[in-house]
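K.L.:
Next up is a structure, given as structure tokens.
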Amino acid sequence: MEFIVDKPTKTVTITAEFDAERDLVWEAYTKKELLDQWWAPKPFLSRTKVMDFQVGGRRFYAMVSPEGQERWVLQQYKSITPKSHFSLFNAFSDESENLELPGSDWDLNFSEQNGTTTVRASIYNESLERLERMIAFGFKDGTEAQLENLRAVLASLQEQNT
């Protein structure tokens, strides 16, 4: 995984490769039942309450700690080009979807070459303070753990399809 923090532009860029076809990786990023299997770094769980993957739709989910504490997040989908790109606005919220601003804009691109899929995520933060807080709270380590979870999910799905 490549993880680049660019403080002057308030952006984090993450690039990761997966030994899976783009269609499968796309499904893992866009289907509730798959997202909940990998999105949270262990020992946390991801629990999606609402998933409406379409422009103007949203994903409303909680990161759940082993003690049962919930940290709610709202993602609002802004654009979708099937199997190659989507963008969203991401912000923490309470359990009633009241946003805790500022948030961040995510831009995800999917490409495949010879059965290997590359996902490139560019995350723009509305404030430098939010970016620095995100990094201080272990965003890089959490992302690495998530992507390892995703690799395991993809391997399991590929095994089921053979």
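Going through the structure tokens in order, the chains are called A, B, and so on, while each chain numbers its residues from 1 and the ligands are numbered from 1 in the order shown.
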Any chance you could list, as a PyMOL selection string, the residues in chain A that come up helix (DSSP H, G or I) when DSSP is run on the backbone?
P.N.:
chain A and resi 7-9+22-30+32-38+128-136+139-160
K.L.:
For the strand (DSSP E) assignment from backbone DSSP, which residues of chain A qualify? Please present them as a count of residues only.
P.N.:
73
K.L.:
Please list as a list of chain:residue names every residue within 8 Å of region 107-111 of chain A, counting only C-alpha atoms and excluding residues in the same chain fewer than 3 positions away.
P.N.:
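In the requested form, the answer reads A:Arg22, A:Trp26, A:Lys83, A:Ser84, A:His85, A:Phe86, A:Ser87, A:Leu88, A:Thr117, A:Thr118, A:Val119, A:Arg120, A:Ala121, A:Ser122, A:Ile123.
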K.L.:
Find, counting only C-alpha atoms, the residue in A:Asn98, A:Ser104, A:Thr81, A:Gln76 that gets nearest to Glu129 (chain A).
P.N.:
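With only C-alpha atoms as the atom set, the closest residue is A:Ser104.
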K.L.:
What's around Asp19 (chain A) at 12 Å? Count only C-alpha atoms, leave out sequence neighbours fewer than 3 positions away in its own chain, and write the answer as a list in words.
P.N.:
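Surrounding residues, per the criterion: Ala16, Arg22, Asp23, Leu24, Val25, Glu112, Gln113, Asn114, Gly115, Thr116, Thr117, Thr118, Val119, Leu150, Arg151, Ala152, Val153, Leu154, Ala155, Ser156, Leu157 and Gln158 of chain A.
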K.L.:
When distances are computed from only C-alpha atoms, which of A:Phe44, A:Phe89, A:Phe18, A:Phe3 shows the smallest separation from Arg59 (chain A)?
P.N.:
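For Arg59 (chain A), the nearest of the candidates is A:Phe89.
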K.L.:
Tell me, as JSON, numbers by chain, which residues lie within 8 Å of Asn90 (chain A), counting only C-alpha atoms; anything in the same chain fewer than 2 positions away does not count.
P.N.:
{"A": [73, 74, 75, 76, 88, 92, 103, 104, 105, 106]}
K.L.:
Which polymer residues have any atom within 8 Å of an atom of Glu2 (chain A), counting only C-alpha atoms, with same-chain residues fewer than 5 positions away left out, as a ChimeraX atom specification?
P.N.:
/A:13-16
K.L.:
Store the residues of this selection in a file with N, CA and C atoms, as a tab-separated table (two decimals), in the first residue's frame.
P.N.:
chain	number	residue	atom	x	y	z
A	13	THR	N	-3.50	10.32	-0.24
A	13	THR	CA	-3.68	9.45	-1.40
A	13	THR	C	-3.23	8.05	-1.01
A	14	ILE	N	-4.11	7.09	-1.27
A	14	ILE	CA	-3.84	5.69	-0.93
A	14	ILE	C	-3.96	4.88	-2.22
A	15	THR	N	-2.92	4.09	-2.50
A	15	THR	CA	-2.95	3.22	-3.68
A	15	THR	C	-2.68	1.80	-3.20
A	16	ALA	N	-3.55	0.88	-3.62
A	16	ALA	CA	-3.39	-0.52	-3.22
A	16	ALA	C	-3.70	-1.42	-4.40
K.L.:
Would you kindly return, as a list in words, each protein, DNA or RNA residue with an atom no farther than 10 Å from any atom of Leu35 (chain A), considering only C-alpha atoms and excluding same-chain residues fewer than 3 positions away?
P.N.:
Glu27, Ala28, Tyr29, Thr30, Lys31, Lys32, Trp38, Trp39, Ala40, Ser46, Arg47, Thr48, Leu150 and Val153 of chain A
K.L.:
Using CA of Asp141 (chain A) and CA of Trp72 (chain A) as the two end points, give the distance in Å to one decimal.
P.N.:
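That distance, rounded to one decimal, is 19.6 Å.
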K.L.:
One decimal, Å: what's the distance from CA of Ile80 (chain A) over to CA of Gly56 (chain A), could you say?
P.N.:
9.9 Å
